[in-house]
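Structure file query.txt with compact mmCIF, C-alpha atoms and all ligand atoms:
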# COMPACT_ATOMS: atom_id res chain seq x y z
CA MET A 205 92.58 147.38 139.76
CA GLU A 206 91.00 146.45 136.42
CA ILE A 207 87.27 145.85 136.55
CA LEU A 208 84.35 145.43 134.18
CA ALA A 209 81.72 148.11 134.55
CA ALA A 210 78.53 149.17 132.77
CA ILE A 211 79.09 152.84 131.95
CA SER A 212 76.12 155.13 131.29
CA ARG A 213 76.98 157.83 128.76
CA LYS A 214 75.06 160.80 127.43
CA GLY A 215 72.78 159.84 124.56
CA ALA A 216 73.47 156.09 124.78
CA ALA A 217 70.39 153.88 124.87
CA VAL A 218 71.90 151.47 127.37
CA PRO A 219 74.96 151.36 129.62
CA GLU A 220 78.04 150.11 127.81
CA LEU A 221 80.01 147.23 129.31
CA ALA A 222 83.67 148.25 129.34
CA GLU A 223 86.95 147.62 131.09
CA ALA A 224 87.67 150.29 133.65
CA THR A 225 90.05 151.01 136.49
CA LEU A 226 88.90 151.09 140.10
CA GLY A 227 91.08 153.41 142.18
CA GLU A 228 92.94 152.71 145.40
CA LEU A 229 90.95 151.60 148.44
CA ARG A 230 90.61 154.48 150.91
CA PRO A 231 91.17 153.88 154.63
CA ASP A 232 87.44 154.42 155.29
CA GLU A 233 86.17 152.11 152.52
CA LEU A 234 85.54 148.48 151.71
CA ARG A 235 86.31 146.92 148.36
CA VAL A 236 83.51 144.55 147.43
CA ARG A 237 83.62 141.90 144.72
CA LEU A 238 80.08 142.03 143.40
CA VAL A 239 78.22 138.77 142.92
CA ALA A 240 74.85 140.20 141.92
CA CYS A 241 73.04 143.49 141.42
CA GLY A 242 69.33 144.17 141.01
CA ILE A 243 68.05 146.75 138.54
CA CYS A 244 65.68 149.42 139.85
CA HIS A 245 63.68 152.13 138.07
CA THR A 246 65.96 154.74 139.61
CA ASP A 247 68.79 153.29 137.50
CA LEU A 248 66.70 153.94 134.38
CA HIS A 249 66.03 157.57 135.36
CA ALA A 250 69.67 158.11 136.23
CA HIS A 251 70.82 156.54 132.94
CA SER A 252 68.93 159.28 131.10
CA GLY A 253 70.98 161.83 133.03
CA PHE A 254 68.10 163.18 135.14
CA LEU A 255 69.47 162.39 138.55
CA SER A 256 73.24 162.16 138.37
CA PRO A 257 76.12 163.48 136.25
CA LEU A 258 77.24 161.34 133.30
CA PRO A 259 79.28 159.32 132.50
CA ILE A 260 78.58 157.17 135.50
CA VAL A 261 78.46 153.57 136.69
CA LEU A 262 74.96 153.01 138.09
CA GLY A 263 73.61 150.07 140.09
CA HIS A 264 72.44 150.39 143.67
CA GLU A 265 71.20 146.94 144.65
CA GLY A 266 74.58 145.26 144.85
CA ALA A 267 75.53 142.23 146.90
CA GLY A 268 78.92 140.61 147.12
CA VAL A 269 81.95 139.62 149.12
CA VAL A 270 84.33 141.98 150.93
CA GLU A 271 87.72 141.67 149.26
CA ALA A 272 89.67 144.35 151.12
CA VAL A 273 89.06 146.41 154.24
CA GLY A 274 90.35 149.97 154.67
CA SER A 275 92.70 150.54 157.62
CA ARG A 276 90.22 152.72 159.51
CA VAL A 277 87.19 150.42 159.06
CA ASP A 278 85.95 148.44 162.06
CA GLY A 279 83.56 145.52 162.06
CA PHE A 280 84.30 144.04 158.64
CA ALA A 281 86.73 141.37 157.52
CA GLU A 282 87.87 140.01 154.19
CA GLY A 283 85.42 137.37 153.04
CA ASP A 284 82.35 138.92 154.69
CA HIS A 285 79.22 138.70 152.57
CA VAL A 286 77.39 142.00 152.27
CA VAL A 287 74.20 143.49 150.84
CA LEU A 288 74.63 147.12 149.79
CA SER A 289 72.08 149.85 150.40
CA GLY A 290 72.06 153.67 150.28
CA SER A 291 74.81 156.01 151.42
CA SER A 292 74.51 158.20 154.52
CA CYS A 293 76.82 160.24 156.73
CA GLY A 294 76.17 158.47 160.04
CA HIS A 295 76.20 161.58 162.22
CA CYS A 296 73.40 163.94 161.19
CA ARG A 297 70.16 163.97 163.18
CA ASN A 298 68.35 161.61 160.79
CA CYS A 299 71.18 159.10 160.68
CA ARG A 300 71.36 159.11 164.49
CA GLN A 301 67.61 158.51 164.67
CA GLY A 302 67.88 155.42 162.46
CA THR A 303 66.38 156.92 159.28
CA PRO A 304 69.48 157.17 157.08
CA SER A 305 67.48 157.49 153.84
CA TYR A 306 66.77 161.04 155.07
CA CYS A 307 70.42 161.75 155.84
CA ASN A 308 71.10 165.45 155.36
CA GLU A 309 73.72 164.44 152.80
CA ALA A 310 71.69 161.65 151.17
CA MET A 311 71.01 163.40 147.86
CA GLN A 312 74.65 164.31 147.30
CA ARG A 313 75.93 160.94 148.55
CA CYS A 314 73.49 158.85 146.50
CA PHE A 315 73.20 160.91 143.31
CA GLY A 316 76.29 163.15 143.25
CA GLY A 317 78.39 160.55 141.42
CA LYS A 318 81.32 161.09 143.77
CA ARG A 319 82.68 160.30 147.20
CA ALA A 320 81.77 162.81 149.93
CA ASP A 321 85.22 164.39 149.39
CA GLY A 322 84.42 165.04 145.71
CA THR A 323 86.63 162.34 144.15
CA THR A 324 85.49 159.58 141.83
CA ALA A 325 86.74 155.99 142.11
CA ILE A 326 86.56 154.93 138.48
CA THR A 327 88.39 155.81 135.27
CA ALA A 328 88.07 154.30 131.79
CA ALA A 329 90.99 154.78 129.41
CA GLY A 330 92.09 157.69 131.57
CA GLU A 331 88.68 159.41 131.55
CA PRO A 332 87.12 159.99 134.99
CA ILE A 333 83.81 158.15 135.36
CA HIS A 334 81.36 159.08 138.11
CA SER A 335 81.08 156.48 140.83
CA HIS A 336 79.54 155.93 144.26
CA PHE A 337 75.98 155.95 142.94
CA PHE A 338 74.06 155.32 146.19
CA GLY A 339 77.54 154.97 147.65
CA GLN A 340 78.19 151.86 145.56
CA SER A 341 77.94 151.88 141.68
CA SER A 342 77.30 148.15 141.53
CA PHE A 343 76.85 147.61 137.78
CA ALA A 344 80.44 146.43 137.94
CA THR A 345 82.54 143.51 139.05
CA HIS A 346 83.94 145.51 141.99
CA ALA A 347 83.05 148.60 143.98
CA LEU A 348 84.54 150.77 146.69
CA VAL A 349 81.86 151.41 149.29
CA SER A 350 81.41 153.08 152.63
CA PRO A 351 80.93 150.57 155.48
CA ARG A 352 77.64 152.29 156.33
CA THR A 353 76.38 151.23 152.90
CA ALA A 354 77.15 147.56 153.61
CA VAL A 355 74.98 145.19 155.65
CA LYS A 356 76.75 142.01 156.70
CA VAL A 357 74.85 138.79 155.96
CA ALA A 358 75.47 135.09 156.60
CA ALA A 359 77.71 133.39 154.03
CA ASP A 360 75.22 130.60 153.29
CA LEU A 361 72.62 133.00 151.88
CA PRO A 362 72.16 133.42 148.09
CA LEU A 363 73.45 136.89 147.26
CA ASP A 364 71.45 137.05 144.01
CA VAL A 365 68.23 136.75 146.00
CA LEU A 366 69.33 139.25 148.62
CA ALA A 367 70.64 141.94 146.23
CA PRO A 368 67.26 143.71 145.74
CA MET A 369 66.87 144.01 149.51
CA GLY A 370 69.02 147.16 149.42
CA CYS A 371 66.50 149.33 147.58
CA GLY A 372 63.31 147.89 146.05
CA VAL A 373 62.49 145.41 148.78
CA ILE A 374 63.30 147.61 151.76
CA THR A 375 61.33 150.47 150.17
CA GLY A 376 58.16 148.41 149.79
CA ALA A 377 58.38 146.45 153.03
CA GLY A 378 59.61 149.46 155.01
CA THR A 379 56.69 151.63 153.92
CA VAL A 380 54.26 149.08 155.37
CA LEU A 381 56.21 148.21 158.51
CA GLU A 382 57.78 151.57 159.37
CA THR A 383 55.88 154.41 157.65
CA PHE A 384 52.40 152.94 158.02
CA ALA A 385 53.24 150.74 161.03
CA LEU A 386 50.36 148.62 159.77
CA ARG A 387 48.52 146.67 162.47
CA PRO A 388 46.45 143.49 162.21
CA GLY A 389 42.97 144.27 160.93
CA GLN A 390 43.99 147.25 158.84
CA THR A 391 43.50 147.62 155.10
CA LEU A 392 45.89 148.57 152.30
CA VAL A 393 45.71 149.35 148.60
CA VAL A 394 48.88 149.02 146.49
CA PHE A 395 49.11 150.84 143.15
CA GLY A 396 51.57 149.03 140.91
CA VAL A 397 52.87 145.58 141.77
CA GLY A 398 56.46 145.78 140.64
CA ALA A 399 59.17 144.69 143.09
CA VAL A 400 58.42 147.62 145.44
CA GLY A 401 54.67 147.00 145.44
CA MET A 402 55.08 143.22 145.80
CA SER A 403 57.40 143.72 148.77
CA ALA A 404 54.71 145.87 150.36
CA VAL A 405 52.15 143.12 149.77
CA MET A 406 54.35 140.49 151.43
CA ALA A 407 55.08 142.78 154.38
CA ALA A 408 51.39 143.62 154.80
CA ARG A 409 50.58 139.93 154.96
CA LEU A 410 53.31 139.47 157.59
CA ALA A 411 51.89 142.38 159.59
CA GLY A 412 48.39 140.91 159.58
CA ALA A 413 46.58 143.18 157.12
CA LEU A 414 42.90 142.28 156.83
CA ARG A 415 42.66 143.32 153.22
CA ILE A 416 45.39 143.89 150.63
CA ILE A 417 44.01 145.23 147.35
CA CYS A 418 46.40 145.41 144.39
CA VAL A 419 45.87 147.60 141.34
CA ASP A 420 47.89 147.08 138.16
CA THR A 421 47.41 146.66 134.41
CA ASN A 422 49.53 143.51 134.19
CA LYS A 423 47.37 140.42 134.73
CA GLU A 424 50.33 138.12 135.32
CA ARG A 425 51.67 140.36 138.08
CA LEU A 426 48.26 140.65 139.68
CA ASN A 427 48.07 136.86 139.81
CA LEU A 428 51.51 136.69 141.41
CA ALA A 429 50.39 139.32 143.93
CA LEU A 430 47.48 137.04 144.86
CA GLU A 431 49.95 134.23 145.54
CA LEU A 432 52.13 136.53 147.64
CA GLY A 433 49.36 137.82 149.89
CA ALA A 434 46.94 140.10 148.02
CA THR A 435 43.34 139.44 149.02
CA ASP A 436 41.84 141.28 146.03
CA ILE A 437 43.08 142.48 142.66
CA ILE A 438 41.80 145.22 140.38
CA ASP A 439 42.85 145.10 136.74
CA ALA A 440 43.21 148.78 135.92
CA THR A 441 42.93 148.12 132.18
CA ALA A 442 39.26 147.40 132.89
CA ALA A 443 38.87 150.38 135.23
CA PRO A 444 41.38 152.96 134.03
CA ALA A 445 39.57 156.09 135.24
CA PRO A 446 40.49 157.15 138.77
CA GLU A 447 36.79 157.38 139.66
CA ALA A 448 36.30 153.75 138.60
CA LEU A 449 39.23 152.65 140.77
CA VAL A 450 37.83 154.50 143.76
CA LYS A 451 34.45 152.87 143.17
CA ALA A 452 36.03 149.41 142.89
CA VAL A 453 37.95 149.87 146.15
CA ARG A 454 34.96 151.31 147.98
CA ALA A 455 32.86 148.37 146.80
CA LEU A 456 35.25 146.20 148.80
CA GLU A 457 35.79 148.61 151.71
CA PRO A 458 32.85 151.04 151.83
CA GLU A 459 34.45 153.29 154.44
CA GLY A 460 37.74 153.43 152.54
CA VAL A 461 41.11 151.90 153.36
CA ASP A 462 43.62 152.76 156.07
CA PHE A 463 46.57 153.04 153.68
CA VAL A 464 47.31 153.45 150.00
CA PHE A 465 50.82 152.75 148.76
CA ASN A 466 51.35 154.40 145.39
CA THR A 467 54.38 153.22 143.40
CA THR A 468 53.18 154.88 140.18
CA SER A 469 53.52 158.42 138.86
CA ALA A 470 50.26 159.12 136.98
CA ALA A 471 48.77 162.31 138.45
CA PRO A 472 45.12 161.07 138.38
CA LEU A 473 46.13 158.18 140.63
CA PHE A 474 47.12 160.67 143.30
CA ASP A 475 43.52 161.93 143.30
CA ALA A 476 42.29 158.33 143.45
CA MET A 477 44.62 157.72 146.40
CA VAL A 478 43.05 160.58 148.38
CA GLU A 479 39.50 159.52 147.52
CA MET A 480 39.79 155.85 148.47
CA LEU A 481 41.41 156.50 151.87
CA ALA A 482 39.27 156.19 154.97
CA MET A 483 39.02 159.10 157.40
CA ARG A 484 42.53 159.76 158.80
CA GLY A 485 44.04 157.45 156.18
CA ILE A 486 47.63 157.73 155.02
CA GLY A 487 48.78 157.65 151.42
CA GLY A 488 52.47 156.84 150.86
CA TYR A 489 54.20 157.58 147.57
CA VAL A 490 57.69 156.81 146.33
CA THR A 491 57.72 158.72 143.08
CA ALA A 492 56.28 162.16 142.31
CA PRO A 493 53.36 162.77 139.92
CA ARG A 494 54.62 162.86 136.35
CA SER A 495 52.62 165.99 135.56
CA GLU A 496 51.58 169.01 137.59
CA TRP A 497 49.21 167.97 140.37
CA VAL A 498 47.55 170.14 142.97
CA ALA A 499 46.80 168.38 146.24
CA PRO A 500 43.09 168.66 147.13
CA LEU A 501 43.88 170.22 150.49
CA ALA A 502 40.25 170.97 151.42
CA ARG A 503 39.22 167.33 150.82
CA MET A 504 42.24 166.17 152.77
CA LEU A 505 41.45 168.50 155.65
CA GLN A 506 37.80 167.47 155.84
CA ARG A 507 38.86 163.84 156.17
CA GLY A 508 42.17 164.14 158.00
CA ILE A 509 44.15 162.60 155.14
CA THR A 510 47.96 162.49 155.16
CA LEU A 511 50.06 162.14 152.03
CA ARG A 512 53.56 161.06 152.83
CA GLY A 513 56.61 160.90 150.56
CA VAL A 514 58.67 157.85 151.53
CA LEU A 515 62.39 157.25 150.88
CA GLY A 516 63.94 153.84 151.47
CA GLY A 517 60.83 152.69 153.31
CA ASP A 518 61.80 154.94 156.27
CA ALA A 519 63.91 151.96 157.30
CA ASP A 520 67.39 151.48 158.71
CA PRO A 521 68.99 148.90 156.39
CA GLN A 522 71.24 147.62 159.21
CA ARG A 523 68.16 146.65 161.19
CA THR A 524 65.49 145.92 158.56
CA ILE A 525 67.51 143.87 156.03
CA PRO A 526 68.54 141.22 158.62
CA LEU A 527 64.92 141.06 159.79
CA LEU A 528 63.57 140.54 156.25
CA ILE A 529 66.25 137.89 155.67
CA ARG A 530 64.97 135.97 158.69
CA TYR A 531 61.45 136.02 157.26
CA TRP A 532 62.82 134.93 153.87
CA ARG A 533 64.62 131.99 155.45
CA GLU A 534 61.34 130.90 157.02
CA GLY A 535 59.60 131.05 153.65
CA ARG A 536 57.37 133.90 154.83
CA PHE A 537 58.83 136.62 152.62
CA PRO A 538 59.49 134.91 149.26
CA ILE A 539 61.26 137.66 147.34
CA ASP A 540 62.94 134.97 145.22
CA ARG A 541 59.59 134.78 143.38
CA LEU A 542 60.19 138.29 141.98
CA ILE A 543 63.62 137.67 140.51
CA THR A 544 64.82 136.95 136.96
CA ARG A 545 68.57 136.38 136.63
CA TYR A 546 70.78 137.62 133.79
CA PRO A 547 74.51 137.28 133.20
CA PHE A 548 76.14 140.70 133.57
CA GLU A 549 76.94 140.88 129.84
CA GLN A 550 73.21 140.64 129.11
CA ILE A 551 72.49 143.92 130.87
CA ASP A 552 70.87 145.24 127.63
CA GLU A 553 68.40 142.40 127.59
CA ALA A 554 67.73 142.75 131.32
CA LEU A 555 67.02 146.46 130.89
CA SER A 556 64.74 145.99 127.89
CA ASP A 557 62.78 143.19 129.61
CA PHE A 558 62.48 145.41 132.68
CA THR A 559 61.36 148.48 130.72
CA ALA A 560 58.78 146.44 128.84
CA GLY A 561 57.42 145.02 132.11
CA ARG A 562 58.29 141.44 131.14
CA VAL A 563 60.14 140.84 134.43
CA VAL A 564 59.49 142.13 137.93
CA LYS A 565 63.04 142.32 139.25
CA PRO A 566 66.01 141.64 136.97
CA VAL A 567 69.18 140.67 138.82
CA LEU A 568 72.57 140.75 137.10
CA LEU A 569 75.09 138.04 137.97
CA MET A 570 78.74 139.08 137.93
CA ASN A 571 80.43 135.76 138.64
CA LYS A 572 81.16 134.76 135.08
CA GLN A 573 82.88 138.06 134.31
CA MET A 574 85.14 137.52 137.29
CA GLU A 575 86.38 134.32 135.74
CA SER A 576 86.97 135.95 132.36
CA ILE A 577 88.93 138.80 133.93
CA HIS A 578 91.04 136.66 136.20
CA GLY A 579 91.45 133.77 133.79
ZN ZN B 1 66.23 151.79 143.73
ZN ZN B 2 73.38 161.61 157.86
Output the file's structure as structure tokens, nothing else.
Amino acid sequence: MEILAAISRKGAAVPELAEATLGELRPDELRVRLVACGICHTDLHAHSGFLSPLPIVLGHEGAGVVEAVGSRVDGFAEGDHVVLSGSSCGHCRNCRQGTPSYCNEAMQRCFGGKRADGTTAITAAGEPIHSHFFGQSSFATHALVSPRTAVKVAADLPLDVLAPMGCGVITGAGTVLETFALRPGQTLVVFGVGAVGMSAVMAARLAGALRIICVDTNKERLNLALELGATDIIDATAAPAPEALVKAVRALEPEGVDFVFNTTSAAPLFDAMVEMLAMRGIGGYVTAPRSEWVAPLARMLQRGITLRGVLGGDADPQRTIPLLIRYWREGRFPIDRLITRYPFEQIDEALSDFTAGRVVKPVLLMNKQMESIHG
């Protein structure tokens, strides 16, 4: 079928909105009419060609309505509303244990730009375009997805609010709830309050954190973090040196904090993370240091420090997304506060606002394009 898709090409500054053809629905797939898709930093990296082959349709925080169900798919019906998350095989050890972000096939399935069988679902003017980014490729009006990628949600929920649940939100909230398993009375520092960091703040408040200290250079975001649950903020423009950050945190918590969640990639902040943790503290990180960094293993040993890389918040989307939706409905997990909406055709503007830090979580809305395509 004919669709509109944002195609990332080599050397292009931004994805180009173009008409494309979505292939036949496979028996083991769902066809989803996308209503909204969040933009995540991983899309930016992938657009530059670092993570996936080009040309490709990116987008991995899609949400929409099931339009067609493959003959071998159980548990879904036409008209179901779904939030899309990462792709996983469903039968390796990690999938069976409920941690599908560590699926043995996750890297290939999420970043390979193809179905597991090596085919791509999209062509543009006859040229094959890579698809199935995170099993979805949701910068488009439609996508073919694996049912494991789709989480069914109630039809009365706003899909534009739920879209970022699939990556940014589950990563931040999952790190606090699953990786750290934060308990009431514990303390947390969050480096970088973008959508991932803010989701961690909200989850830490839900879990009963005693102190939630946010570090960022964006004053507006720090103020929003205070509204969403931060107990203290540190403006890193005033204390840019890692030593100064450690001092500022230890002034609040002299023995150090139980957890640091680092959403940034500056190498000196990884040192700061180690130094502000309490004995036996855990530092979680979701992106690697931008430059070479040697872990201070002796310091870590002396104090029993763990550094833990975290993918997808260690969470099972099928379990965690419905839980977070319940909290959202109750007003206790207000992710709608993070969102700025853009019509799909303004993807350039959404990307430039996002890159410049003017918005926390841009969400593209595909509805209008649907009308233009189908009259
Ligand atoms: Zn993401
Ligand atoms: Zn697996």
Two-atom distance - atom CA of A:Leu568, atom CA of A:Val373 (Å):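 We find that atom CA of A:Leu568 and atom CA of A:Val373 lie 16.1 Å from each other.
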Around ligand ZN 2 (chain B), out to 6 Å and counting all atoms listed in the file, which residues are there? I want them as JSON, numbers by chain. {"A": [292, 293, 294, 295, 296, 298, 299, 304, 307, 308, 309]}
Using all atoms listed in the file, can you tell me which of A:His249, A:Arg512, A:Arg545, A:Arg533 comes closest to ligand ZN 1 (chain B)?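 Counting all atoms listed in the file, the residue closest to ligand ZN 1 (chain B) is A:His249.
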Distance filter 8 Å around ligand ZN 1 (chain B), atoms: all atoms listed in the file, out as a PyMOL selection string: chain A and resi 243-247+264-265+370-372
Using C-alpha atoms, can you export the residues from the last selection as a PDB file, keeping the file's coordinate frame?
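Generated output (part.pdb):
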ATOM      1  CA  ILE A 243      68.050 146.750 138.540  1.00  0.00           C
ATOM      2  CA  CYS A 244      65.680 149.420 139.850  1.00  0.00           C
ATOM      3  CA  HIS A 245      63.680 152.130 138.070  1.00  0.00           C
ATOM      4  CA  THR A 246      65.960 154.740 139.610  1.00  0.00           C
ATOM      5  CA  ASP A 247      68.790 153.290 137.500  1.00  0.00           C
ATOM      6  CA  HIS A 264      72.440 150.390 143.670  1.00  0.00           C
ATOM      7  CA  GLU A 265      71.200 146.940 144.650  1.00  0.00           C
ATOM      8  CA  GLY A 370      69.020 147.160 149.420  1.00  0.00           C
ATOM      9  CA  CYS A 371      66.500 149.330 147.580  1.00  0.00           C
ATOM     10  CA  GLY A 372      63.310 147.890 146.050  1.00  0.00           C
TER      11      GLY A 372
END
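Non-sequential neighbours of A:Glu549 (distance at most 9 Å, separation of 2 or more positions within a chain, only C-alpha atoms) are A:Ala210, A:Leu221, A:Tyr546, A:Pro547, A:Ile551, A:Asp552, A:Glu553, A:Leu568, A:Leu569, A:Met570, A:Gln573.
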Could the residues of stretch 363-400 of chain A that have an atom at most 8 Å from stretch 472-495 of chain A be listed as a tab-separated table, each with its closest atom pair and the distance in Å to one decimal, counting all atoms listed in the file and ordered by chain and ascending residue number?
residue	atom	partner	partner_atom	distance
A:Thr379	CA	A:Gly488	CA	7.4
A:Thr383	CA	A:Gly488	CA	8.0
A:Phe384	CA	A:Ile486	CA	7.4
What gap, in Å, lies between atom CA of A:Gly412 and atom CA of A:Gly389? 6.5 Å
Quote the spacing between atom CA of A:Val239 and atom CA of A:Ala344 in Å to one decimal place.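 Computing it gives 9.4 Å between the two atoms.
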